[in-house]
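**Student:** Input file: coords13.pdb. Contents: PDB, C-alpha atoms, pLDDT in the B column.
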```pdb
ATOM      1  CA  MET A  80     116.919 -47.854  62.097  1.00 46.00           C
ATOM      2  CA  SER A  81     113.674 -46.509  60.793  1.00 81.00           C
ATOM      3  CA  LEU A  82     112.993 -43.742  58.341  1.00 93.00           C
ATOM      4  CA  ASP A  83     112.146 -40.326  59.743  1.00 93.00           C
ATOM      5  CA  VAL A  84     108.806 -39.901  57.978  1.00 94.00           C
ATOM      6  CA  SER A  85     107.317 -36.430  57.939  1.00 94.00           C
ATOM      7  CA  PRO A  86     103.609 -36.001  58.715  1.00 94.00           C
ATOM      8  CA  ALA A  87     103.035 -34.852  55.108  1.00 94.00           C
ATOM      9  CA  LEU A  88     104.655 -37.994  53.666  1.00 95.00           C
ATOM     10  CA  LEU A  89     102.737 -40.214  56.063  1.00 93.00           C
ATOM     11  CA  GLU A  90      99.543 -38.461  54.976  1.00 94.00           C
ATOM     12  CA  GLN A  91     100.409 -39.185  51.321  1.00 93.00           C
ATOM     13  CA  ALA A  92     100.850 -42.865  52.183  1.00 94.00           C
ATOM     14  CA  GLU A  93      97.547 -42.957  54.033  1.00 94.00           C
ATOM     15  CA  ARG A  94      95.753 -41.379  51.044  1.00 95.00           C
ATOM     16  CA  GLY A  95      97.225 -43.777  48.497  1.00 92.00           C
ATOM     17  CA  GLU A  96     100.221 -43.467  46.228  1.00 87.00           C
ATOM     18  CA  VAL A  97     103.346 -41.721  47.439  1.00 92.00           C
ATOM     19  CA  ASP A  98     105.383 -39.413  45.234  1.00 95.00           C
ATOM     20  CA  GLU A  99     108.669 -41.307  44.777  1.00 96.00           C
ATOM     21  CA  ALA A 100     110.722 -38.095  44.836  1.00 97.00           C
ATOM     22  CA  ASP A 101     109.319 -37.373  48.306  1.00 96.00           C
ATOM     23  CA  PHE A 102     110.154 -40.918  49.403  1.00 96.00           C
ATOM     24  CA  VAL A 103     113.712 -40.606  48.045  1.00 97.00           C
ATOM     25  CA  ASP A 104     114.118 -37.335  49.919  1.00 97.00           C
ATOM     26  CA  CYS A 105     112.946 -39.073  53.105  1.00 97.00           C
ATOM     27  CA  VAL A 106     115.593 -41.761  52.537  1.00 97.00           C
ATOM     28  CA  ARG A 107     118.253 -39.093  51.889  1.00 98.00           C
ATOM     29  CA  THR A 108     117.537 -37.269  55.130  1.00 97.00           C
ATOM     30  CA  SER A 109     116.898 -40.381  57.245  1.00 97.00           C
ATOM     31  CA  LEU A 110     119.901 -42.417  56.091  1.00 97.00           C
ATOM     32  CA  PRO A 111     122.613 -39.835  55.352  1.00 97.00           C
ATOM     33  CA  TYR A 112     125.569 -42.236  55.565  1.00 96.00           C
ATOM     34  CA  ALA A 113     123.955 -44.697  53.168  1.00 96.00           C
ATOM     35  CA  TRP A 114     122.942 -41.846  50.846  1.00 98.00           C
ATOM     36  CA  GLU A 115     126.447 -40.361  50.804  1.00 97.00           C
ATOM     37  CA  THR A 116     128.064 -43.747  50.225  1.00 97.00           C
ATOM     38  CA  ILE A 117     125.808 -44.604  47.295  1.00 97.00           C
ATOM     39  CA  SER A 118     125.827 -41.126  45.733  1.00 98.00           C
ATOM     40  CA  SER A 119     129.636 -40.940  45.906  1.00 97.00           C
ATOM     41  CA  LEU A 120     129.892 -44.359  44.247  1.00 97.00           C
ATOM     42  CA  VAL A 121     127.542 -43.204  41.491  1.00 98.00           C
ATOM     43  CA  ALA A 122     129.758 -40.142  40.956  1.00 98.00           C
ATOM     44  CA  GLN A 123     132.864 -42.328  40.937  1.00 97.00           C
ATOM     45  CA  LEU A 124     131.309 -44.631  38.341  1.00 97.00           C
ATOM     46  CA  LYS A 125     130.468 -41.663  36.108  1.00 96.00           C
ATOM     47  CA  VAL A 126     133.977 -40.203  36.389  1.00 96.00           C
ATOM     48  CA  ASP A 127     136.007 -43.416  36.206  1.00 95.00           C
ATOM     49  CA  GLY A 128     133.771 -45.442  33.932  1.00 90.00           C
ATOM     50  CA  GLY A 129     134.271 -49.170  34.053  1.00 90.00           C
ATOM     51  CA  PRO A 130     131.839 -51.940  34.889  1.00 94.00           C
ATOM     52  CA  PHE A 131     131.207 -50.872  38.519  1.00 95.00           C
ATOM     53  CA  ALA A 132     132.316 -48.806  41.501  1.00 96.00           C
ATOM     54  CA  ASP A 133     132.386 -50.210  45.018  1.00 94.00           C
ATOM     55  CA  ASN A 134     133.055 -49.274  48.609  1.00 92.00           C
ATOM     56  CA  GLN A 135     135.356 -51.587  50.565  1.00 85.00           C
ATOM     57  CA  THR A 136     135.778 -49.355  53.625  1.00 87.00           C
ATOM     58  CA  PRO A 137     133.735 -50.445  56.650  1.00 86.00           C
ATOM     59  CA  PRO A 138     131.347 -47.843  58.085  1.00 90.00           C
ATOM     60  CA  PRO A 139     132.760 -45.727  60.925  1.00 92.00           C
ATOM     61  CA  ASP A 140     130.240 -46.983  63.500  1.00 92.00           C
ATOM     62  CA  GLU A 141     127.220 -49.196  64.060  1.00 90.00           C
ATOM     63  CA  GLN A 142     124.762 -46.411  63.251  1.00 93.00           C
ATOM     64  CA  ALA A 143     126.306 -45.994  59.787  1.00 93.00           C
ATOM     65  CA  ARG A 144     126.381 -49.769  59.272  1.00 91.00           C
ATOM     66  CA  GLY A 145     122.710 -49.890  60.217  1.00 91.00           C
ATOM     67  CA  GLN A 146     121.906 -47.256  57.613  1.00 94.00           C
ATOM     68  CA  LEU A 147     123.531 -49.316  54.857  1.00 93.00           C
ATOM     69  CA  LEU A 148     121.726 -52.444  55.979  1.00 92.00           C
ATOM     70  CA  ARG A 149     118.394 -50.607  56.107  1.00 93.00           C
ATOM     71  CA  ALA A 150     118.835 -49.028  52.691  1.00 94.00           C
ATOM     72  CA  LEU A 151     119.910 -52.197  50.932  1.00 93.00           C
ATOM     73  CA  ALA A 152     117.745 -54.734  52.767  1.00 91.00           C
ATOM     74  CA  SER A 153     114.499 -52.902  52.030  1.00 93.00           C
ATOM     75  CA  ASP A 154     113.147 -53.675  48.579  1.00 93.00           C
ATOM     76  CA  ALA A 155     111.269 -50.355  48.504  1.00 95.00           C
ATOM     77  CA  ILE A 156     114.282 -48.260  49.510  1.00 96.00           C
ATOM     78  CA  ARG A 157     116.730 -50.145  47.313  1.00 96.00           C
ATOM     79  CA  GLY A 158     114.414 -49.950  44.313  1.00 96.00           C
ATOM     80  CA  ALA A 159     113.802 -46.230  44.786  1.00 97.00           C
ATOM     81  CA  LEU A 160     117.552 -45.575  45.066  1.00 98.00           C
ATOM     82  CA  GLN A 161     118.254 -47.600  41.933  1.00 97.00           C
ATOM     83  CA  ARG A 162     115.623 -45.691  39.971  1.00 98.00           C
ATOM     84  CA  HIS A 163     116.751 -42.327  41.364  1.00 98.00           C
ATOM     85  CA  PHE A 164     120.427 -42.848  40.538  1.00 98.00           C
ATOM     86  CA  GLY A 165     119.867 -44.941  37.386  1.00 97.00           C
ATOM     87  CA  VAL A 166     122.051 -47.812  38.578  1.00 97.00           C
ATOM     88  CA  ARG A 167     121.827 -51.341  39.901  1.00 95.00           C
ATOM     89  CA  LEU A 168     122.992 -51.842  43.491  1.00 96.00           C
ATOM     90  CA  ALA A 169     124.790 -54.878  44.851  1.00 92.00           C
ATOM     91  CA  PHE A 170     125.744 -55.573  48.452  1.00 88.00           C
ATOM     92  CA  GLN A 171     128.164 -57.890  50.242  1.00 81.00           C
ATOM     93  CA  ASN A 172     129.296 -58.333  53.813  1.00 70.00           C
ATOM     94  CA  CYS A 173     127.414 -55.496  55.584  1.00 67.00           C
ATOM     95  CA  HIS A 174     129.417 -52.695  54.008  1.00 72.00           C
ATOM     96  CA  ARG A 175     130.607 -53.504  50.494  1.00 83.00           C
ATOM     97  CA  VAL A 176     128.161 -51.604  48.334  1.00 91.00           C
ATOM     98  CA  ALA A 177     128.637 -51.570  44.567  1.00 92.00           C
ATOM     99  CA  VAL A 178     126.889 -49.621  41.837  1.00 94.00           C
ATOM    100  CA  PHE A 179     126.579 -51.002  38.330  1.00 92.00           C
ATOM    101  CA  PRO A 180     125.312 -49.150  35.271  1.00 94.00           C
ATOM    102  CA  LEU A 181     122.019 -50.272  33.764  1.00 92.00           C
ATOM    103  CA  ASP A 182     123.928 -51.249  30.615  1.00 87.00           C
ATOM    104  CA  SER A 183     123.531 -54.974  29.920  1.00 84.00           C
ATOM    105  CA  SER A 184     127.217 -55.202  28.959  1.00 79.00           C
ATOM    106  CA  VAL A 185     128.053 -55.487  32.683  1.00 77.00           C
ATOM    107  CA  ASP A 186     125.538 -58.254  33.429  1.00 78.00           C
ATOM    108  CA  GLU A 187     128.282 -60.884  33.637  1.00 86.00           C
ATOM    109  CA  THR A 188     130.356 -58.722  36.000  1.00 75.00           C
ATOM    110  CA  LEU A 189     127.308 -58.134  38.201  1.00 66.00           C
ATOM    111  CA  ALA A 190     126.543 -61.862  38.222  1.00 75.00           C
ATOM    112  CA  ARG A 191     130.121 -62.599  39.322  1.00 79.00           C
ATOM    113  CA  PHE A 192     129.993 -59.904  42.022  1.00 73.00           C
ATOM    114  CA  THR A 193     126.760 -61.297  43.460  1.00 69.00           C
ATOM    115  CA  SER A 194     127.693 -64.964  43.072  1.00 62.00           C
ATOM    116  CA  VAL A 195     127.903 -67.421  45.942  1.00 64.00           C
ATOM    117  CA  ARG A 196     131.593 -67.895  45.126  1.00 67.00           C
ATOM    118  CA  ASN A 197     132.388 -64.189  45.483  1.00 63.00           C
ATOM    119  CA  GLN A 198     130.313 -63.926  48.633  1.00 64.00           C
ATOM    120  CA  LEU A 199     132.452 -66.662  50.168  1.00 66.00           C
ATOM    121  CA  LEU A 200     135.709 -65.159  48.903  1.00 64.00           C
ATOM    122  CA  ASN A 201     134.832 -61.791  50.471  1.00 64.00           C
ATOM    123  CA  GLN A 202     134.493 -63.144  54.009  1.00 61.00           C
ATOM    124  CA  SER A 203     136.931 -62.321  56.775  1.00 61.00           C
ATOM    125  CA  PRO A 204     137.066 -62.916  60.536  1.00 60.00           C
ATOM    126  CA  GLU A 205     136.932 -59.153  61.161  1.00 58.00           C
ATOM    127  CA  LEU A 206     133.499 -59.001  59.541  1.00 51.00           C
ATOM    128  CA  ARG A 207     132.019 -62.050  61.262  1.00 48.00           C
ATOM    129  CA  ASP A 208     129.821 -60.002  63.609  1.00 52.00           C
ATOM    130  CA  CYS A 209     129.047 -57.028  61.425  1.00 53.00           C
TER     131      CYS A 209
END
```
Represent the structure from my file as structure tokens, please.
**Tutor:**
Amino acid sequence: MSLDVSPALLEQAERGEVDEADFVDCVRTSLPYAWETISSLVAQLKVDGGPFADNQTPPPDEQARGQLLRALASDAIRGALQRHFGVRLAFQNCHRVAVFPLDSSVDETLARFTSVRNQLLNQSPELRDC
């Protein structure tokens, strides 16, 4: 899954620095499932409060799964999304996305979420080939 880069955005990249808002918009339109998942988690975190909000529902199909993997595996995309939404993103299993506030009071919760122990505890046979 690649980003659908407009000629104008490609031209920006060829000239030098890219406007991050334009890049974020490219991500939004290219990876709509990933965008919707992350933006709805950000909204949930704002409404519910708490140390984090996460998605435990597997994507509806392989295309959607690919969008999540692309968004969260790319340092550039992940970083731009974190800056845009003002959160820290965490990812487990190929679909469990979590958003954490930038507040350092949740650092311990984030460390637990991203720990080797929790990665192992969140495995299941159904997700072996995701």
**Student:** Would you pick out the contacts of segment 175-181 of chain A at 8 Å or less, using only C-alpha atoms, so that residues sharing its chain but fewer than 4 positions from it are not included, and give the list as a list of chain:residue names?
**Tutor:** A:Ile117, A:Leu120, A:Val121, A:Leu124, A:Pro130, A:Phe131, A:Ala132, A:Asp133, A:Asn134, A:Gln135, A:Thr136, A:Pro137, A:Gly165, A:Val166, A:Arg167, A:Leu168, A:Ala169, A:Phe170, A:Gln171, A:Val185, A:Leu189
**Student:** Which distance in Å separates atom CA of Glu96 of chain A and atom CA of Phe164 of chain A, to one decimal?
**Tutor:**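 One can read the atom CA of Glu96 of chain A to atom CA of Phe164 of chain A distance as 21.0 Å.
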**Student:** Name the residues that the PyMOL selection byres ((chain A and resi 141-150) around 7) pulls out of this structure, and write them as a list in words.
**Tutor:**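 Selected by the PyMOL selection byres ((chain A and resi 141-150) around 7) here: Met80, Leu110, Tyr112, Ala113, Pro138, Pro139, Asp140, Leu151, Ala152, Ser153, Ile156, Arg157, Cys173 and His174 of chain A.
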**Student:** Quick check, in Å to one decimal: how far apart do atom CA of Asp154 of chain A and atom CA of Ser85 of chain A lie?
**Tutor:** 20.5 Å
**Student:** Find the residues around Leu82 of chain A up to 8 Å (all atoms listed in the file counted), leave out those fewer than 4 positions away in its own chain, and share them as a short mmCIF file (atom, residue, chain, number, x, y, z; two decimals) with C-alpha atoms, keeping the file's coordinate frame.
**Tutor:**
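For reference, around_4.cif as written:
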```cif
data_model
loop_
_atom_site.label_atom_id
_atom_site.label_comp_id
_atom_site.auth_asym_id
_atom_site.auth_seq_id
_atom_site.Cartn_x
_atom_site.Cartn_y
_atom_site.Cartn_z
CA CYS A 105 112.95 -39.07 53.10
CA VAL A 106 115.59 -41.76 52.54
CA SER A 109 116.90 -40.38 57.24
CA LEU A 110 119.90 -42.42 56.09
#
```
**Student:** Please, what distance in Å, to one decimal, runs between atom CA of Val97 of chain A and atom CA of Trp114 of chain A?
**Tutor:**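 Distance between the two atoms: 19.9 Å.
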**Student:** Taking N, CA, C and O atoms as the atom set, what does segment 93-104 of chain A look like once completed, written as a compact mmCIF listing (two decimals), keeping the file's coordinate frame?
**Tutor:**
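Listed below is the output, out_9.txt:
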```txt
# COMPACT_ATOMS: atom_id res chain seq x y z
N GLU A 93 98.89 -42.61 53.56
CA GLU A 93 97.55 -42.96 54.03
C GLU A 93 96.48 -42.71 52.98
O GLU A 93 95.48 -43.42 52.92
N ARG A 94 96.71 -41.71 52.11
CA ARG A 94 95.75 -41.38 51.04
C ARG A 94 95.87 -42.31 49.84
O ARG A 94 94.94 -42.44 49.06
N GLY A 95 97.03 -42.92 49.67
CA GLY A 95 97.22 -43.78 48.50
C GLY A 95 98.66 -43.76 48.05
O GLY A 95 99.57 -43.95 48.84
N GLU A 96 98.88 -43.45 46.80
CA GLU A 96 100.22 -43.47 46.23
C GLU A 96 101.09 -42.35 46.77
O GLU A 96 100.63 -41.24 46.99
N VAL A 97 102.36 -42.67 46.94
CA VAL A 97 103.35 -41.72 47.44
C VAL A 97 104.21 -41.25 46.28
O VAL A 97 104.62 -42.05 45.44
N ASP A 98 104.48 -39.96 46.23
CA ASP A 98 105.38 -39.41 45.23
C ASP A 98 106.78 -39.96 45.52
O ASP A 98 107.31 -39.78 46.61
N GLU A 99 107.38 -40.66 44.54
CA GLU A 99 108.67 -41.31 44.78
C GLU A 99 109.77 -40.30 45.10
O GLU A 99 110.67 -40.59 45.89
N ALA A 100 109.71 -39.11 44.52
CA ALA A 100 110.72 -38.10 44.84
C ALA A 100 110.66 -37.72 46.32
O ALA A 100 111.69 -37.50 46.95
N ASP A 101 109.46 -37.66 46.88
CA ASP A 101 109.32 -37.37 48.31
C ASP A 101 109.87 -38.52 49.14
O ASP A 101 110.52 -38.31 50.17
N PHE A 102 109.63 -39.75 48.70
CA PHE A 102 110.15 -40.92 49.40
C PHE A 102 111.68 -40.93 49.35
O PHE A 102 112.35 -41.14 50.36
N VAL A 103 112.25 -40.65 48.19
CA VAL A 103 113.71 -40.61 48.04
C VAL A 103 114.30 -39.52 48.94
O VAL A 103 115.33 -39.73 49.58
N ASP A 104 113.63 -38.39 49.04
CA ASP A 104 114.12 -37.34 49.92
C ASP A 104 114.07 -37.78 51.38
O ASP A 104 114.97 -37.46 52.17
```
